[in-house]
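Chemist: This is the structure I have questions about; it appears just below.
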Amino acid sequence: MKIIIPVNEKNLQTQICNSFGRAPFFFVFDSETKDSLFLDNHAVNSTGGAGIKAAQTMVDNKANVVITFSCGENAANVLKAADIQLYKAMNASLEKNIEAYFTSNLSLLDEIHAGLHLHGN
Amino acid sequence: MKSMQDCIFTVINNMKIAILSGKGGTGKTLLAVNLAAVAPSAVYLDCDVEEPNGHLFFKPIMIEEEDVKVEIPQVDNEKCDGCRQCIDFCRFNALVYIIDRLLIFKDICHSCGGCMIVCPQKALTSKAKVVGKIRKGTSNQVTVYSGILNIGEASGVPIIKKLLTNSKTKETKLTFIDCPPGSACVVMESIKDADYCILVAEPTIFGSHNLNMVYELVKVFDKPFGVVLNKCFDGENPSEKFCLEKDIKILGKIPFDQDLGVLNSNGNIVALANKKYYDLFNTILEQVTMEVSHEATINS
Amino acid sequence: MKQLLILSGKGGTGKTTIASAFIKLSGAKVYADCDVDAPNLHLLMVQQDVPQIFDYYALPKAKIDSDKCIECDRCRQNCKFDAIFQNEFYFVDEFACEGCGVCELVCPVSAITFHQASAGDLILYKNDKRVFSTAQLKMGSGTSGKLVTEVKKQMQTAAINTEFAIIDGSPGIGCPVIASLSGVDMVLIVAEPSLSGISDMERIIKTAKQFKTKIAVCVNKFDTNYENTNLIEQFCQEKNISFVGKIPFDHLVVKAVNNGQTIVDIECLAGRAVIAVYERLITLFNKYNNKGESRND
């Protein structure tokens with residue numbers, strides 16, 4: 001399965017980004033092949049709909065799980081429609097968050113905020 | 001004096017006078033409503049579509065209402081083949097493709113129509129979305145137009161556009177445009193067709209600071225303008241100082257007056273409630289008409 | 001970081017006057033002005049040091065190369081924002097242009113390109129004593145939601161280990177207000193006891209309710225209309241909204257403001273009333289946060 005996480009820097013000790021749509025990078029981990037990579041987030045420069053664009057990136061990269069602190073309404077709807085599960089990130093490094101997921105120590109993200117509702121202006 | 005006034009009114013009869021201020025709560029609506037009320041015959045346009053208030057004073061009757069709509073795309077998923085050209089085109093990220101269908105985010109869409117043009121399968125067509133409404137009614141000799149933005153919608157620009165278009169085609173009277181506060185795009189939209197602008201300012205540093213902003217705005221739009229100072233009392237007036245420094249015409253001063261405040265806060269048109277206030281606003285209107293007709297003759 | 005936002009719906013009710021008083025009373029080291037169209041907080045929270053200023057860019061705007069243009073009129077016909085005109089040449093009104101890209105799409109000779117234009121300034125005052133995040137939108141710019149978000153993000157990034165921040169909001173109910181509401185723990189709505197003020201207050205409450213954030217209301221200049229003040233108090237009771245107090249009209253407020261002082265820097269009736277409102281609000285704020293109903297960062 002594939003896990004994708006929004007992060008601040010391209011290393012395993014980095015903190016999870018407190019924004020999903022405007023995170024600078026995404027960490028992609030494939031639990032079967034154990035391959036991983038960092039993607040640049042192109043949504044970061046959007047004036048509006050960044051969460052939606054980032055969610056499209058999740059879909060295009062065939063994510064099964066996304067681990068994040070927060071997620072706006074529109075992005076959450078996209079992920080739900082694509083059957084991607086949302087987990088709540090911990091205040092710890094990327095490495096520790098992945099460990100926590102695989103030891104079933106993370107819970108589902110159920111607090112979806114109304115979104116920044118930026119209309120590109 | 002009466003007949004000269006009549007002559008002047010004939011000259012400015014078709015004119016549009018916008019009333020704006022950088023800061024909210026300075027008295028735009030007070031001025032716009034009362035000037036319209038003392039004019040022989042006028043149109044009042046409430047372009048503050050986020051927080052419209054003019055109708056509370058006029059209490060218009062014989063209301064006609066019209067929805068304001070924008071066009072957003074809808075998709076025929078049978079025709080869509082997932083080529084994603086629409087997603088690649090959309091600068092607002094309003095479209096998403098999941099598995100086998102296209103999702104459209106109506107609240108993000110800017111109604112530019114681009115995705116419909118781009119789609120090679122013609123799978124995208126337009127449908128209407130209501131973003132607000134406009135209302136027209138009458139209150140004595142004033143025709144009252146109000147625009148209202150629906151809660152949750154981002155921009156009042158389409159509503160202001162419709163207000164101005166409707167009144168332009170149907171009305172040929174002196175028009176007072178009550179603008180939104182600030183100097184953002186909704187304000188620009190409201191003053192686009194104005195023949196003259198009245199800037200309202202209060203005697204605080206907030207007032208003068210924000211007066212500066214709208215002063216820059218009317219200059220960019222090359223609109224003739226003057227200032228009305230509101231809530232004036234004894235003591236230093238930073239806004240008056242600003243006008244003197246920049247050699248800006250002061251059209252009138254409304255004194256700080258507790259009774260006026262109470263009447264106004266209860267939704268009364270103060271000029272109709274008391275002769276003192278009728279004379280105050282009539283004097284300002286005379287000054288405004290002289291300025292506007294002067295500008296009109298210069299430009300003709 | 002817990003955030004308190006001050007809104008009003010109607011302009012001129014006293015948001016900035018009250019926000020600045022709260023900042024002084026709470027000793028808050030982190031605050032922001034989200035009224036990016038007409039920022040005023042800096043006039044009362046006078047800063048001694050020089051800020052960092054960053055350009056803020058919104059969507060790029062279209063530009064027509066008149067050498068390539070064949071005047072086919074397709075761009076003007078397809079522009080939904082009335083942003084293309086023809087005088088001597090075809091040109092784009094940058095104020096009206098929304099950067100959608102349709103003109104570039106339909107132009108048969110690629111005469112249209114897009115360029116970045118600064119839509120305002122993002123301003124940050126930061127030293128070891130405090131963080132003050134603000135901005136100035138360039139006039140005519142589109143509804144400024146993104147700049148508001150940048151102001152808040154700038155504040156949060158510059159003040160990572162801070163627990164409490166106060167945000168001075170903007171009037172209205174549109175995009176900038178919606179952007180400022182996101183992620184906020186509590187909103188104080190400053191109401192004015194006039195018919196206009198009540199109407200606007202109801203609309204801003206409806207807007208704030210969409211965010212499930214805790215709402216409190218106070219009335220400013222309450223003695224200009226006792227009847228309307230009572231109506232507001234009743235309304236709050238009916239809707240189960242916390243009413244945290246009333247502040248009288250006070251001539252000394254204007255004097256303080258014009259001297260660049262907050263109303264708790266001088267001795268005045270309004271200042272004393274603001275202190276009472278502040279205390280009630282903070283009690284509510286702490287109670288709400290301790291219940292564990294807080295937002296996550």
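Convention: chains lettered A, B, ... in structure tokens order; per-chain residue numbering from 1; ligands numbered from 1 as shown.
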List every residue of chain B that has an atom at most 10 Å from any atom of chain A, giving for each one its closest atom pair and the distance in Å to one decimal, counting only C-alpha atoms, sorted by chain and then by ascending residue number, as JSON lines.

Modeler:
```
{"residue": "B:Ile87", "atom": "CA", "partner": "A:Lys53", "partner_atom": "CA", "distance": 9.3}
{"residue": "B:Arg91", "atom": "CA", "partner": "A:Ser46", "partner_atom": "CA", "distance": 7.8}
{"residue": "B:Phe92", "atom": "CA", "partner": "A:Gly48", "partner_atom": "CA", "distance": 5.6}
{"residue": "B:Asn93", "atom": "CA", "partner": "A:Gly49", "partner_atom": "CA", "distance": 5.1}
{"residue": "B:Ala94", "atom": "CA", "partner": "A:Gly49", "partner_atom": "CA", "distance": 6.6}
{"residue": "B:Leu95", "atom": "CA", "partner": "A:Ile52", "partner_atom": "CA", "distance": 8.0}
{"residue": "B:Val96", "atom": "CA", "partner": "A:Gln56", "partner_atom": "CA", "distance": 6.1}
{"residue": "B:Tyr97", "atom": "CA", "partner": "A:Gln56", "partner_atom": "CA", "distance": 7.2}
{"residue": "B:Ile98", "atom": "CA", "partner": "A:Ala82", "partner_atom": "CA", "distance": 6.1}
{"residue": "B:Ile99", "atom": "CA", "partner": "A:Ala82", "partner_atom": "CA", "distance": 7.1}
{"residue": "B:Leu103", "atom": "CA", "partner": "A:Val78", "partner_atom": "CA", "distance": 8.2}
{"residue": "B:Phe105", "atom": "CA", "partner": "A:Asn74", "partner_atom": "CA", "distance": 7.8}
{"residue": "B:Asp107", "atom": "CA", "partner": "A:His119", "partner_atom": "CA", "distance": 7.7}
{"residue": "B:Ile108", "atom": "CA", "partner": "A:His119", "partner_atom": "CA", "distance": 5.4}
{"residue": "B:Cys109", "atom": "CA", "partner": "A:His119", "partner_atom": "CA", "distance": 7.7}
{"residue": "B:His110", "atom": "CA", "partner": "A:His119", "partner_atom": "CA", "distance": 7.7}
{"residue": "B:Gly152", "atom": "CA", "partner": "A:His117", "partner_atom": "CA", "distance": 9.3}
{"residue": "B:Glu153", "atom": "CA", "partner": "A:His119", "partner_atom": "CA", "distance": 9.6}
{"residue": "B:Ala154", "atom": "CA", "partner": "A:His119", "partner_atom": "CA", "distance": 6.9}
{"residue": "B:Ser155", "atom": "CA", "partner": "A:His119", "partner_atom": "CA", "distance": 8.8}
```

Chemist: Just the residues within 12 Å of Asp35 (chain A), please, counting only C-alpha atoms, with nothing from its chain fewer than 4 positions along; format it as a list in words.

Modeler: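 Once the adjacent positions are removed, what remains is Met1, Lys2, Ile3, Phe27, Val28, Phe29, Asp30 and Ser31 of chain A.
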
Chemist: Restricting the output to C-alpha atoms, write the selected residues as a compact mmCIF listing (two decimals), in the first residue's frame.

Modeler:
```txt
# COMPACT_ATOMS: atom_id res chain seq x y z
CA MET A 1 0.00 0.00 0.00
CA LYS A 2 1.04 3.57 -0.56
CA ILE A 3 1.27 6.21 2.16
CA PHE A 27 6.80 11.93 1.07
CA VAL A 28 5.62 8.80 -0.76
CA PHE A 29 6.19 5.39 0.79
CA ASP A 30 5.31 2.03 -0.79
CA SER A 31 5.02 -0.58 1.96
```

Chemist: For chain C, which residues have at least one atom within 8 Å of chain A, if we go by only C-alpha atoms? Write them as a PDB file with N, CA and C atoms, in the first residue's frame, please.

Modeler:
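This went into selection.pdb:
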```pdb
ATOM      1  N   ALA C  58      -0.652  37.866  -6.622  1.00  0.00           N
ATOM      2  CA  ALA C  58      -1.870  37.092  -6.834  1.00  0.00           C
ATOM      3  C   ALA C  58      -1.698  36.378  -8.178  1.00  0.00           C
ATOM      4  N   LEU C  59      -2.760  36.093  -8.873  1.00  0.00           N
ATOM      5  CA  LEU C  59      -2.638  35.417 -10.159  1.00  0.00           C
ATOM      6  C   LEU C  59      -1.997  36.347 -11.182  1.00  0.00           C
ATOM      7  N   GLU C  98      -8.748  38.582 -14.274  1.00  0.00           N
ATOM      8  CA  GLU C  98      -8.691  37.618 -13.184  1.00  0.00           C
ATOM      9  C   GLU C  98      -7.634  36.550 -13.431  1.00  0.00           C
ATOM     10  N   SER C 141      -7.264  45.388  -6.173  1.00  0.00           N
ATOM     11  CA  SER C 141      -6.990  43.957  -6.226  1.00  0.00           C
ATOM     12  C   SER C 141      -8.243  43.171  -5.897  1.00  0.00           C
ATOM     13  N   GLY C 142      -8.232  41.942  -6.319  1.00  0.00           N
ATOM     14  CA  GLY C 142      -9.388  41.085  -6.090  1.00  0.00           C
ATOM     15  C   GLY C 142      -9.582  40.810  -4.621  1.00  0.00           C
ATOM     16  N   THR C 143     -10.696  40.217  -4.310  1.00  0.00           N
ATOM     17  CA  THR C 143     -10.987  39.888  -2.912  1.00  0.00           C
ATOM     18  C   THR C 143      -9.793  39.127  -2.363  1.00  0.00           C
ATOM     19  N   SER C 144      -9.377  39.530  -1.213  1.00  0.00           N
ATOM     20  CA  SER C 144      -8.009  39.340  -0.765  1.00  0.00           C
ATOM     21  C   SER C 144      -7.779  38.139   0.120  1.00  0.00           C
ATOM     22  N   GLY C 145      -8.572  37.105  -0.027  1.00  0.00           N
ATOM     23  CA  GLY C 145      -8.454  35.939   0.841  1.00  0.00           C
ATOM     24  C   GLY C 145      -7.052  35.391   0.962  1.00  0.00           C
ATOM     25  N   LYS C 146      -6.345  35.297  -0.149  1.00  0.00           N
ATOM     26  CA  LYS C 146      -5.030  34.692  -0.064  1.00  0.00           C
ATOM     27  C   LYS C 146      -4.073  35.544   0.747  1.00  0.00           C
ATOM     28  N   THR C 149      -4.625  34.950   4.326  1.00  0.00           N
ATOM     29  CA  THR C 149      -4.028  33.679   4.727  1.00  0.00           C
ATOM     30  C   THR C 149      -2.518  33.820   4.889  1.00  0.00           C
ATOM     31  N   CYS C 175     -14.706  36.935   1.066  1.00  0.00           N
ATOM     32  CA  CYS C 175     -13.492  36.125   1.055  1.00  0.00           C
ATOM     33  C   CYS C 175     -12.466  36.454   2.150  1.00  0.00           C
ATOM     34  N   ILE C 178     -13.783  35.197   5.478  1.00  0.00           N
ATOM     35  CA  ILE C 178     -13.803  33.737   5.509  1.00  0.00           C
ATOM     36  C   ILE C 178     -12.394  33.194   5.711  1.00  0.00           C
ATOM     37  N   ALA C 179     -11.429  33.780   5.013  1.00  0.00           N
ATOM     38  CA  ALA C 179     -10.038  33.335   5.164  1.00  0.00           C
ATOM     39  C   ALA C 179      -9.541  33.592   6.579  1.00  0.00           C
ATOM     40  N   SER C 182     -10.709  30.879   9.299  1.00  0.00           N
ATOM     41  CA  SER C 182     -10.186  29.526   9.270  1.00  0.00           C
ATOM     42  C   SER C 182      -9.191  29.275  10.379  1.00  0.00           C
ATOM     43  N   GLY C 183      -9.370  28.236  11.166  1.00  0.00           N
ATOM     44  CA  GLY C 183      -8.407  27.852  12.192  1.00  0.00           C
ATOM     45  C   GLY C 183      -8.430  28.695  13.448  1.00  0.00           C
ATOM     46  N   GLN C 210     -20.592  28.927  10.136  1.00  0.00           N
ATOM     47  CA  GLN C 210     -20.177  27.898   9.185  1.00  0.00           C
ATOM     48  C   GLN C 210     -18.846  27.281   9.588  1.00  0.00           C
ATOM     49  N   PHE C 211     -18.120  27.954  10.474  1.00  0.00           N
ATOM     50  CA  PHE C 211     -16.794  27.477  10.852  1.00  0.00           C
ATOM     51  C   PHE C 211     -16.757  26.756  12.183  1.00  0.00           C
ATOM     52  N   ASN C 296      -7.095  21.816  16.481  1.00  0.00           N
ATOM     53  CA  ASN C 296      -5.720  21.376  16.353  1.00  0.00           C
ATOM     54  C   ASN C 296      -4.972  22.357  15.489  1.00  0.00           C
ATOM     55  N   ASP C 297      -3.715  22.468  15.723  1.00  0.00           N
ATOM     56  CA  ASP C 297      -2.912  23.417  14.918  1.00  0.00           C
ATOM     57  C   ASP C 297      -2.688  22.853  13.534  1.00  0.00           C
TER      58      ASP C 297
END
```

Chemist: Of the candidates C:Tyr90, C:Phe285, C:Phe222, C:Phe22, which one gets nearest to chain B if we count only C-alpha atoms?

Modeler: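 The shortest atom-to-atom distance to chain B comes from C:Phe222.
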
Chemist: Define the interface residues of chain B facing chain C as those within 7 Å, counting only C-alpha atoms, and report them as a ChimeraX atom specification.

Modeler: /B:22-26,50-51,53,91,112,114,151-155,182-185,188,204-206,210,217,262,265-267

Chemist: Can you write out the residues you just picked, keeping N, CA and C atoms, as a CSV table (one decimal), in the first residue's frame?

Modeler:
```
chain,number,residue,atom,x,y,z
B,22,GLY,N,-12.6,55.1,2.5
B,22,GLY,CA,-11.7,54.0,2.6
B,22,GLY,C,-12.1,53.1,3.8
B,23,LYS,N,-12.6,53.7,4.8
B,23,LYS,CA,-12.9,53.1,6.0
B,23,LYS,C,-14.4,52.8,6.1
B,24,GLY,N,-14.8,51.8,6.8
B,24,GLY,CA,-16.2,51.5,7.0
B,24,GLY,C,-16.8,52.4,8.1
B,25,GLY,N,-18.1,52.6,8.2
B,25,GLY,CA,-18.7,53.3,9.3
B,25,GLY,C,-18.5,54.8,9.3
B,26,THR,N,-18.1,55.4,8.2
B,26,THR,CA,-17.8,56.8,8.2
B,26,THR,C,-19.0,57.6,7.9
B,50,GLU,N,-22.2,43.0,0.4
B,50,GLU,CA,-22.0,42.1,1.6
B,50,GLU,C,-22.8,42.5,2.8
B,51,GLU,N,-22.9,43.8,3.0
B,51,GLU,CA,-23.7,44.3,4.1
B,51,GLU,C,-24.6,45.4,3.7
B,53,ASN,N,-27.4,48.1,3.5
B,53,ASN,CA,-28.2,48.8,4.6
B,53,ASN,C,-29.2,49.8,4.1
B,91,ARG,N,-6.9,27.4,-13.8
B,91,ARG,CA,-5.9,28.0,-12.9
B,91,ARG,C,-6.4,28.1,-11.5
B,112,CYS,N,-15.0,31.3,-15.7
B,112,CYS,CA,-14.3,31.9,-16.9
B,112,CYS,C,-14.7,31.2,-18.2
B,114,GLY,N,-13.4,28.6,-19.6
B,114,GLY,CA,-12.2,28.0,-20.3
B,114,GLY,C,-12.3,26.5,-20.5
B,151,ILE,N,-24.7,34.4,1.6
B,151,ILE,CA,-23.7,34.0,2.6
B,151,ILE,C,-22.9,32.9,2.1
B,152,GLY,N,-21.6,33.0,2.2
B,152,GLY,CA,-20.7,32.0,1.8
B,152,GLY,C,-20.1,32.2,0.4
B,153,GLU,N,-20.7,33.1,-0.4
B,153,GLU,CA,-20.1,33.4,-1.7
B,153,GLU,C,-19.0,34.3,-1.5
B,154,ALA,N,-18.0,34.2,-2.4
B,154,ALA,CA,-16.8,35.0,-2.2
B,154,ALA,C,-16.8,36.4,-2.7
B,155,SER,N,-17.4,36.6,-3.9
B,155,SER,CA,-17.3,37.9,-4.5
B,155,SER,C,-18.6,38.5,-4.9
B,182,GLY,N,-13.5,50.5,1.6
B,182,GLY,CA,-12.2,50.0,1.1
B,182,GLY,C,-11.9,50.5,-0.3
B,183,SER,N,-11.0,49.8,-0.9
B,183,SER,CA,-10.6,50.2,-2.3
B,183,SER,C,-10.3,49.0,-3.1
B,184,ALA,N,-10.9,47.9,-2.7
B,184,ALA,CA,-10.6,46.6,-3.5
B,184,ALA,C,-11.5,46.6,-4.8
B,185,CYS,N,-11.5,45.5,-5.4
B,185,CYS,CA,-12.1,45.4,-6.7
B,185,CYS,C,-13.6,45.7,-6.7
B,188,MET,N,-13.9,49.4,-7.1
B,188,MET,CA,-13.6,49.8,-8.4
B,188,MET,C,-14.8,49.6,-9.3
B,204,THR,N,-10.7,61.1,12.5
B,204,THR,CA,-9.7,60.3,13.2
B,204,THR,C,-8.5,60.0,12.3
B,205,ILE,N,-7.5,59.5,12.9
B,205,ILE,CA,-6.3,59.1,12.1
B,205,ILE,C,-6.7,57.9,11.2
B,206,PHE,N,-7.6,57.1,11.7
B,206,PHE,CA,-8.0,55.9,10.9
B,206,PHE,C,-8.7,56.5,9.6
B,210,ASN,N,-7.3,56.2,5.7
B,210,ASN,CA,-8.0,55.5,4.7
B,210,ASN,C,-8.6,56.4,3.6
B,217,LEU,N,-7.3,56.1,-5.3
B,217,LEU,CA,-8.1,55.4,-6.2
B,217,LEU,C,-8.9,56.2,-7.2
B,262,VAL,N,-29.0,59.1,16.9
B,262,VAL,CA,-30.1,58.2,17.4
B,262,VAL,C,-31.1,58.0,16.3
B,265,SER,N,-29.6,55.7,13.9
B,265,SER,CA,-29.4,54.3,14.3
B,265,SER,C,-30.7,53.6,14.4
B,266,ASN,N,-31.8,54.3,14.4
B,266,ASN,CA,-33.2,53.7,14.4
B,266,ASN,C,-33.7,53.5,13.0
B,267,GLY,N,-32.9,53.8,12.0
B,267,GLY,CA,-33.3,53.5,10.6
B,267,GLY,C,-34.1,54.7,10.0
```

Chemist: Looking only at the backbone, which of the residues in region 62-268 of chain C does DSSP tag as helix (DSSP H, G or I), as number ranges by chain?

Modeler: C: 74-78, 102-106, 145-158, 175-181, 195-209, 222-224, 226-238, 251-258

Chemist: For a test of reading the model, state the distance in Å between CA of Glu65 (chain B) and CA of Leu163 (chain B), rounded to one decimal.

Modeler: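 Going from CA of Glu65 (chain B) over to CA of Leu163 (chain B) covers 11.5 Å.
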
Chemist: Could you write out, as number ranges by chain, all the residues of region 9-117 of chain A that DSSP marks as strand (DSSP E)?

Modeler: A: 25-30, 36-40, 65-68, 85-88

Chemist: If you keep N, CA and C atoms, can you produce a file of those selected residues as a compact mmCIF listing (two decimals), in the first residue's frame?

Modeler:
```txt
# COMPACT_ATOMS: atom_id res chain seq x y z
N PHE A 25 6.58 19.73 0.23
CA PHE A 25 6.89 18.42 -0.35
C PHE A 25 5.92 17.35 0.15
N PHE A 26 5.85 16.26 -0.63
CA PHE A 26 5.12 15.07 -0.17
C PHE A 26 6.09 13.90 -0.11
N PHE A 27 6.00 13.15 0.96
CA PHE A 27 6.80 11.93 1.07
C PHE A 27 5.92 10.77 0.67
N VAL A 28 6.41 9.94 -0.26
CA VAL A 28 5.62 8.80 -0.76
C VAL A 28 6.32 7.52 -0.36
N PHE A 29 5.60 6.65 0.33
CA PHE A 29 6.19 5.39 0.79
C PHE A 29 5.34 4.21 0.32
N ASP A 30 6.01 3.25 -0.33
CA ASP A 30 5.31 2.03 -0.79
C ASP A 30 5.67 0.90 0.17
N SER A 36 10.74 4.65 -1.53
CA SER A 36 10.18 5.92 -1.08
C SER A 36 10.80 7.06 -1.89
N LEU A 37 10.09 8.17 -1.94
CA LEU A 37 10.62 9.36 -2.62
C LEU A 37 9.91 10.61 -2.11
N PHE A 38 10.55 11.76 -2.41
CA PHE A 38 9.94 13.05 -2.07
C PHE A 38 9.47 13.72 -3.36
N LEU A 39 8.22 14.18 -3.34
CA LEU A 39 7.67 14.90 -4.50
C LEU A 39 7.58 16.38 -4.17
N ASP A 40 7.82 17.22 -5.16
CA ASP A 40 7.54 18.65 -4.98
C ASP A 40 6.03 18.85 -5.08
N VAL A 65 -3.33 5.86 1.74
CA VAL A 65 -3.42 6.52 3.04
C VAL A 65 -2.69 7.86 2.97
N VAL A 66 -3.27 8.87 3.59
CA VAL A 66 -2.59 10.16 3.74
C VAL A 66 -2.53 10.47 5.24
N ILE A 67 -1.35 10.85 5.72
CA ILE A 67 -1.21 11.21 7.14
C ILE A 67 -0.92 12.70 7.21
N THR A 68 -1.80 13.46 7.87
CA THR A 68 -1.66 14.92 7.89
C THR A 68 -2.24 15.49 9.18
N GLN A 85 -7.71 6.89 2.76
CA GLN A 85 -7.95 7.10 4.19
C GLN A 85 -7.07 8.23 4.74
N LEU A 86 -7.67 9.01 5.63
CA LEU A 86 -6.96 10.13 6.24
C LEU A 86 -6.63 9.82 7.70
N TYR A 87 -5.35 9.89 8.04
CA TYR A 87 -4.95 9.68 9.43
C TYR A 87 -4.38 10.95 10.00
N LYS A 88 -4.52 11.10 11.33
CA LYS A 88 -4.04 12.31 11.97
C LYS A 88 -2.55 12.16 12.33
```

Chemist: Calculate how many Å separate CA of Ala135 (chain C) from CA of Gln116 (chain C), rounding to one decimal.

Modeler: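 Answer for the CA of Ala135 (chain C) to CA of Gln116 (chain C) separation: 18.4 Å.
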
Chemist: Which residues come within 9 Å of region 76-79 of chain B, counting only C-alpha atoms, excluding same-chain residues fewer than 3 positions away, as an MDAnalysis selection string?

Modeler: chainID B and resid 100:102 121:125

Chemist: Mind dumping the selected residues with N, CA and C atoms as a PDB file, in the first residue's frame?

Modeler:
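The result, written out as selection07.pdb:
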```pdb
ATOM      1  N   ASP B 100     -12.924   7.413 -12.556  1.00  0.00           N
ATOM      2  CA  ASP B 100     -13.567   7.474 -13.874  1.00  0.00           C
ATOM      3  C   ASP B 100     -14.505   8.666 -14.018  1.00  0.00           C
ATOM      4  N   ARG B 101     -14.421   9.620 -13.118  1.00  0.00           N
ATOM      5  CA  ARG B 101     -15.288  10.779 -13.295  1.00  0.00           C
ATOM      6  C   ARG B 101     -14.640  12.099 -12.882  1.00  0.00           C
ATOM      7  N   LEU B 102     -15.217  13.145 -13.431  1.00  0.00           N
ATOM      8  CA  LEU B 102     -14.728  14.493 -13.173  1.00  0.00           C
ATOM      9  C   LEU B 102     -15.553  15.105 -12.038  1.00  0.00           C
ATOM     10  N   GLN B 121     -14.037  16.669 -26.195  1.00  0.00           N
ATOM     11  CA  GLN B 121     -15.239  15.834 -26.343  1.00  0.00           C
ATOM     12  C   GLN B 121     -16.525  16.622 -26.165  1.00  0.00           C
ATOM     13  N   LYS B 122     -16.405  17.915 -25.886  1.00  0.00           N
ATOM     14  CA  LYS B 122     -17.572  18.755 -25.586  1.00  0.00           C
ATOM     15  C   LYS B 122     -18.396  18.142 -24.460  1.00  0.00           C
ATOM     16  N   ALA B 123     -17.696  17.610 -23.457  1.00  0.00           N
ATOM     17  CA  ALA B 123     -18.396  16.986 -22.333  1.00  0.00           C
ATOM     18  C   ALA B 123     -18.806  18.007 -21.276  1.00  0.00           C
ATOM     19  N   LEU B 124     -18.288  19.220 -21.376  1.00  0.00           N
ATOM     20  CA  LEU B 124     -18.595  20.255 -20.384  1.00  0.00           C
ATOM     21  C   LEU B 124     -19.512  21.308 -20.974  1.00  0.00           C
ATOM     22  N   THR B 125     -20.633  21.540 -20.280  1.00  0.00           N
ATOM     23  CA  THR B 125     -21.561  22.584 -20.710  1.00  0.00           C
ATOM     24  C   THR B 125     -21.840  23.477 -19.506  1.00  0.00           C
TER      25      THR B 125
END
```

Chemist: Considering only C-alpha atoms, can you say which of C:Lys287, C:Arg74, C:Lys153, C:Lys29 comes closest to Arg130 (chain C)?

Modeler: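 Comparing C:Lys287, C:Arg74, C:Lys153, C:Lys29 against Arg130 (chain C), the winner is C:Lys29.
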
Chemist: At what distance in Å, to one decimal, does CA of Ile6 (chain C) lie from CA of Ile167 (chain C)?

Modeler: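 Those two atoms sit 6.2 Å apart.
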
Chemist: Set the distance at 9 Å and use only C-alpha atoms: which residues neighbour region 270-274 of chain C once local chain neighbours fewer than 6 positions away are removed? I'd like the list as a list in words.

Modeler: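 That gives Ile18, Ala21, Phe22, Asn220, Lys221, Gly245, Lys246, Ile247, Pro248, Phe249, Asp250, Leu252, Val253, Thr262, Ile263 and Val264 of chain C.
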
Chemist: Considering only C-alpha atoms, return as a list of chain:residue names whatever protein or nucleic-acid residues lie within 7 Å of Val144 (chain B), sequence-local ones (same chain, fewer than 5 positions apart) excluded.

Modeler: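 The residues that qualify are B:Val43, B:Tyr44, B:Leu45, B:Pro60, B:Lys136, B:Gly137, B:Thr138, B:Ser139.
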
Chemist: List the spatial neighbours of Glu94 (chain C) as a PyMOL selection string - criterion: any atom at most 9 Å away, only C-alpha atoms, same-chain residues fewer than 6 positions off excluded.

Modeler: chain C and resi 61-63+83
